[in-house]
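S.K.: Shown below is the structure under consideration.
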Amino acid sequence: MILAISLVVAVVFGSGAFLVLQRDLFRVVVGLTLISNSAFLFIIAAGLTQGTAGFAQGAVPILPIPGGSMASDPLVQAMALTALVISMSTIALLLSLIYRLYVAHETVDLEDISEAEMRLAEALEREEEPEEEGEPDVGQAEEEIEKRSR
Amino acid sequence: MTGSTLLLLPVGFPWVLAVALALLDGRRSWVGWLAVAGLGASLVSAFLLVHRILREGPVEMVTGGGPAGVGIVLRADVLGATFAVVSVGVILVSLVYEVFVGVRSRTFPTLVLFLAAGLSGLFLTGDIFNFYVFFEVSMTAAYVLTGYREQDYQVRGAFIFAVVNLLGSVIFLIAIAALYHVTGTLEMAGVAERLREVNPNSLITIATAIFVAFALKLGLFPFHFWLPAVYVGSHAPVAAILSGALANIGNYGLLRFGGAILSEELALGAMAVLVLGSASIIYGALQAISRRDVSEVLAYSAIGQVGYVLVALGIGGAVGLSAAVVYAVVNSLNKALLFLVAGLRGPLVGAAFAVGAFSLMGVPPAVGFIGKIAVFKAGLAASGVVQVAILVALIFLGSALSFVYALQIYQRAFLSKEPQGGLWRKSSPWTARALVVALAALVLAMGLWPEPLLVLGEGAASTLIEGGSP
């Protein structure tokens with residue numbers, strides 16, 4: 001059982017890591033989702049056997065159940081649930097960031113985006129000296145983006 | 001006021017207000033000032049908390065009033081409360097700065113408050129999973145904040161930041177699950193106690209995972225690759241928050257987990273920690289010298305500065321740990337001041353920058369001197385003559401290099417006769433400039449009267465040592 005679960009965790013993590021290294025931003029996000037999911041599997045697996053210190057083998061930190069019936073550890077499930085919600089919100093945020101980049105560049109490929117940014121920087125440089133970010137008249141770059149996104 | 005109420009206030013004020021302000025338009029100045037008031041209240045309660053802890057010892061409460069081990073434990077000791085005060089203070093100054101300059105997004109004050117709530121919660125918790133939850137609250141707010149102003153490069157920076165740090169969080173989560181697995185508890189004190197009976201082999205893996213997670217957050221040398229891309233594009237107050245407040249997660253996490261919970265594993269890996277810290281100092285300083293842009297230099301300098309904290313941590317013992325705390329506090333003040341100043345133009349800004357630069361180099365009377373002296377003392381306390389010589393040489397070399405790059409950017413940004421890129425075109429609002437001057441004055445004042453800082457550092461070190469190896 002332990003071997004099977006560790007194999008599953010390793011495979012899921014490995015595929016996630018492979019996807020994170022791709023140039024397509026969507027694949028990066030899918031890879032991150034897989035990596036987070038491998039962590040949840042790991043948390044659940046942490047409850048399969050209890051630690052040797054402090055607890056007797058197989059004991060769970062809940063009140064004793066009458067009749068001596070077995071119970072699984074509820075704490076790891078609560079932890080996995082919490083981590084799941086957190087990861088879902090972060091993934092949603094990442095997707096919205098990708099959408100924002102897509103609107104600006106009409107692509108989700110990392111290389112295309114950095115190329116477009118280089119072109120934009122060069123265009124700005126030709127017109128005038130590059131502006132400091134944060135000044136009220138940064139509008140130049142914003143207009144450029146809007147023009148491109150139309 | 002009872003201790004447990006006081007413990008909830010630094011987290012409660014920004015949290016409740018953040019939820020309320022999410023419904024309002026943050027671009028209105030009264031909304032911004034409301035957020036400032038909430039953060040101010042949080043800062044004051046954190047100050048009171050520190051005062052109480054110094055008088056009466058650590059404050060602890062269990063949520064829901066249950067016995068310890070059932071409810072979630074919130075616990076404030078000198079270390080956590082000190083970091084809470086510094087981080088909330090830096091966030092407060094950055095928020096006030098942005099309100100003076102003009103908030104341009106309706107969510108900005110809410111996000112800053114969420115970040116402050118997450119950070120102070122993280123510093124004041126006594127439960128490792130709760131630590132992770134608060135950590136994610138502040139990180140998620142920080143991902144969104146990095147994209148503030150929505151320039152293309154800022155959105156891209158936010159994406160990089162989120163992807164890399166999410167990986168770090170997953171590694172940390174796995175380490176927490178492993179800690180729970182081997183100890184059967186999530187309470188920090190309980191974990192530290194039960195770890196002594198655990199097989200050391202598995203503990204080394206766990207300790208490495210935790211170290212990697214926090215090193216990624218701090219941007220230490222081999223894990224630094226994301227940091228310049230994120231800091232360079234960020235809007236000045238956002239960069240100040242990221243570097244001055246959010247990076248404290250890494251410092252605090254390394255001190256709490258390395259100094260107290262996994263202290264034996266830290267001692268075992270001390271050499272690796274020292275080497276990585278030294279590499280960070282040298283690499284950050286050399287890269288900073290070779291860059292031209294002010295924010296880029298500051299970003300690389302941030303990589304170098306956290307190296308000192310790591311070196312102090314690697315030396316360990318009461319002297320090393322207190323030096324690490326003092327240097328972390330000093331560094332967050334320096335970075336907040338420098339990043340904020342880098343976004344401003346006009347009279348007096350150069351003076352404030354000079355104070356920040358002197359503090360970065362460790363020239364008295366700025367507070368940076370106190371930090372450098374603390375690390376220097378820790379270096380002398382290291383075991384072995386060769387080690388002492390190497391560490392002392394390293395600290396001198398690092399300071400000398402920081403001298404070079406700090407003066408370089410000062411010269412480029414504030415002394416050049418022909419301003420580049422319309423640098424002097426328009427002064428920033430005088431209120432924002434007054435704010436950074438006040439922050440610079442604080443940096444000077446703390447350098448002239450370092451007593452409170454040193455007391456806090458020693459107090460934090462002694463709580464770590466008592467809690468770690470009883």
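Order determines the names: the first chain of the structure tokens is A, the second B, and so forth; residues in each chain are numbered 1 upward, and ligands are numbered 1 upward as they are shown.
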Any idea which chain B residues end up within 7 Å of chain A if we count only C-alpha atoms, as a list of chain:residue names please?
M.R.: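 Here is what falls inside 7 Å: B:Thr140, B:Val155, B:Phe159, B:Val170, B:Leu173, B:Ile174, B:Ala177, B:Ala178, B:His181, B:Val182, B:Thr183, B:Gly184, B:Arg194, B:Glu197, B:Val198, B:His235, B:Gly343, B:Gly421.
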S.K.: Keeping only N, CA and C atoms, write the selected residues to a file as a PDB file, in the first residue's frame.
M.R.:
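Written output follows (out-v9.pdb):
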ATOM      1  N   THR B 140      -1.159  34.745  -1.507  1.00  0.00           N
ATOM      2  CA  THR B 140      -2.131  34.970  -2.573  1.00  0.00           C
ATOM      3  C   THR B 140      -2.378  36.463  -2.761  1.00  0.00           C
ATOM      4  N   VAL B 155       2.208  42.073 -14.925  1.00  0.00           N
ATOM      5  CA  VAL B 155       1.378  40.865 -14.942  1.00  0.00           C
ATOM      6  C   VAL B 155       2.262  39.637 -15.123  1.00  0.00           C
ATOM      7  N   PHE B 159       2.886  36.469 -12.629  1.00  0.00           N
ATOM      8  CA  PHE B 159       2.758  35.066 -13.029  1.00  0.00           C
ATOM      9  C   PHE B 159       3.977  34.267 -12.570  1.00  0.00           C
ATOM     10  N   VAL B 170       4.024  24.213  -2.051  1.00  0.00           N
ATOM     11  CA  VAL B 170       3.715  22.776  -2.116  1.00  0.00           C
ATOM     12  C   VAL B 170       4.796  21.981  -1.385  1.00  0.00           C
ATOM     13  N   LEU B 173       4.157  22.354   2.197  1.00  0.00           N
ATOM     14  CA  LEU B 173       2.993  21.564   2.597  1.00  0.00           C
ATOM     15  C   LEU B 173       3.376  20.095   2.769  1.00  0.00           C
ATOM     16  N   ILE B 174       4.171  19.597   1.832  1.00  0.00           N
ATOM     17  CA  ILE B 174       4.612  18.203   1.927  1.00  0.00           C
ATOM     18  C   ILE B 174       5.435  18.006   3.201  1.00  0.00           C
ATOM     19  N   ALA B 177       3.071  17.808   6.138  1.00  0.00           N
ATOM     20  CA  ALA B 177       2.414  16.499   6.211  1.00  0.00           C
ATOM     21  C   ALA B 177       3.385  15.465   6.763  1.00  0.00           C
ATOM     22  N   ALA B 178       4.654  15.559   6.340  1.00  0.00           N
ATOM     23  CA  ALA B 178       5.645  14.596   6.828  1.00  0.00           C
ATOM     24  C   ALA B 178       5.888  14.784   8.321  1.00  0.00           C
ATOM     25  N   HIS B 181       3.119  13.323  10.092  1.00  0.00           N
ATOM     26  CA  HIS B 181       3.184  11.867  10.038  1.00  0.00           C
ATOM     27  C   HIS B 181       4.142  11.310  11.088  1.00  0.00           C
ATOM     28  N   VAL B 182       5.300  11.946  11.244  1.00  0.00           N
ATOM     29  CA  VAL B 182       6.262  11.368  12.183  1.00  0.00           C
ATOM     30  C   VAL B 182       5.984  11.739  13.632  1.00  0.00           C
ATOM     31  N   THR B 183       5.239  12.819  13.877  1.00  0.00           N
ATOM     32  CA  THR B 183       5.024  13.202  15.274  1.00  0.00           C
ATOM     33  C   THR B 183       3.584  13.016  15.726  1.00  0.00           C
ATOM     34  N   GLY B 184       2.615  13.063  14.806  1.00  0.00           N
ATOM     35  CA  GLY B 184       1.224  12.906  15.192  1.00  0.00           C
ATOM     36  C   GLY B 184       0.625  14.140  15.828  1.00  0.00           C
ATOM     37  N   ARG B 194       8.376  15.952  20.390  1.00  0.00           N
ATOM     38  CA  ARG B 194       8.319  14.550  19.943  1.00  0.00           C
ATOM     39  C   ARG B 194       9.391  14.221  18.911  1.00  0.00           C
ATOM     40  N   GLU B 197      12.379  11.799  19.470  1.00  0.00           N
ATOM     41  CA  GLU B 197      12.295  10.335  19.463  1.00  0.00           C
ATOM     42  C   GLU B 197      12.216   9.774  18.048  1.00  0.00           C
ATOM     43  N   VAL B 198      12.270  10.667  17.050  1.00  0.00           N
ATOM     44  CA  VAL B 198      12.037  10.212  15.679  1.00  0.00           C
ATOM     45  C   VAL B 198      13.354   9.828  15.013  1.00  0.00           C
ATOM     46  N   HIS B 235       5.636  48.069  -8.837  1.00  0.00           N
ATOM     47  CA  HIS B 235       5.436  49.433  -8.415  1.00  0.00           C
ATOM     48  C   HIS B 235       6.134  49.630  -7.058  1.00  0.00           C
ATOM     49  N   GLY B 343      11.016  55.118  -6.018  1.00  0.00           N
ATOM     50  CA  GLY B 343       9.865  55.507  -6.819  1.00  0.00           C
ATOM     51  C   GLY B 343       9.583  56.992  -6.800  1.00  0.00           C
ATOM     52  N   GLY B 421      16.261  59.918 -18.948  1.00  0.00           N
ATOM     53  CA  GLY B 421      14.880  59.468 -18.965  1.00  0.00           C
ATOM     54  C   GLY B 421      13.933  60.404 -18.242  1.00  0.00           C
TER      55      GLY B 421
END
S.K.: Contacts of Ala18 of chain B at 8 Å or less, counting only C-alpha atoms, minus same-chain residues fewer than 3 places along, as a PyMOL selection string?
M.R.: chain B and resi 14-15+21-22+35+109-111+113-114
S.K.: For the residues selected in the previous step, produce a file with N, CA and C atoms as a CSV table (one decimal), in the first residue's frame.
M.R.:
chain,number,residue,atom,x,y,z
B,14,PRO,N,-6.9,44.0,10.6
B,14,PRO,CA,-6.9,44.1,9.2
B,14,PRO,C,-7.8,43.0,8.5
B,15,TRP,N,-8.0,41.9,9.1
B,15,TRP,CA,-8.8,40.9,8.5
B,15,TRP,C,-10.2,41.3,8.3
B,21,LEU,N,-13.8,46.3,3.3
B,21,LEU,CA,-13.3,47.2,2.2
B,21,LEU,C,-13.4,46.5,0.8
B,22,ALA,N,-13.4,45.2,0.8
B,22,ALA,CA,-13.5,44.5,-0.5
B,22,ALA,C,-14.8,45.0,-1.3
B,35,ALA,N,-8.3,52.0,5.6
B,35,ALA,CA,-7.4,50.9,5.6
B,35,ALA,C,-6.2,51.2,6.4
B,109,PRO,N,-6.3,48.6,-1.4
B,109,PRO,CA,-6.3,48.6,0.1
B,109,PRO,C,-6.7,47.3,0.7
B,110,THR,N,-7.7,46.6,0.1
B,110,THR,CA,-8.2,45.3,0.6
B,110,THR,C,-7.0,44.3,0.6
B,111,LEU,N,-6.3,44.2,-0.6
B,111,LEU,CA,-5.3,43.2,-0.7
B,111,LEU,C,-4.2,43.5,0.3
B,113,LEU,N,-4.5,44.9,3.2
B,113,LEU,CA,-4.9,44.4,4.5
B,113,LEU,C,-4.9,42.9,4.6
B,114,PHE,N,-5.3,42.2,3.6
B,114,PHE,CA,-5.3,40.8,3.6
B,114,PHE,C,-3.9,40.3,3.9
S.K.: Counting only C-alpha atoms, which residue out of B:Ile315, B:Ala432, B:Met139, B:Ala441 sits closest to Gly356 of chain B?
M.R.: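 Of B:Ile315, B:Ala432, B:Met139, B:Ala441, the one nearest Gly356 of chain B, counting only C-alpha atoms, is B:Ala441.
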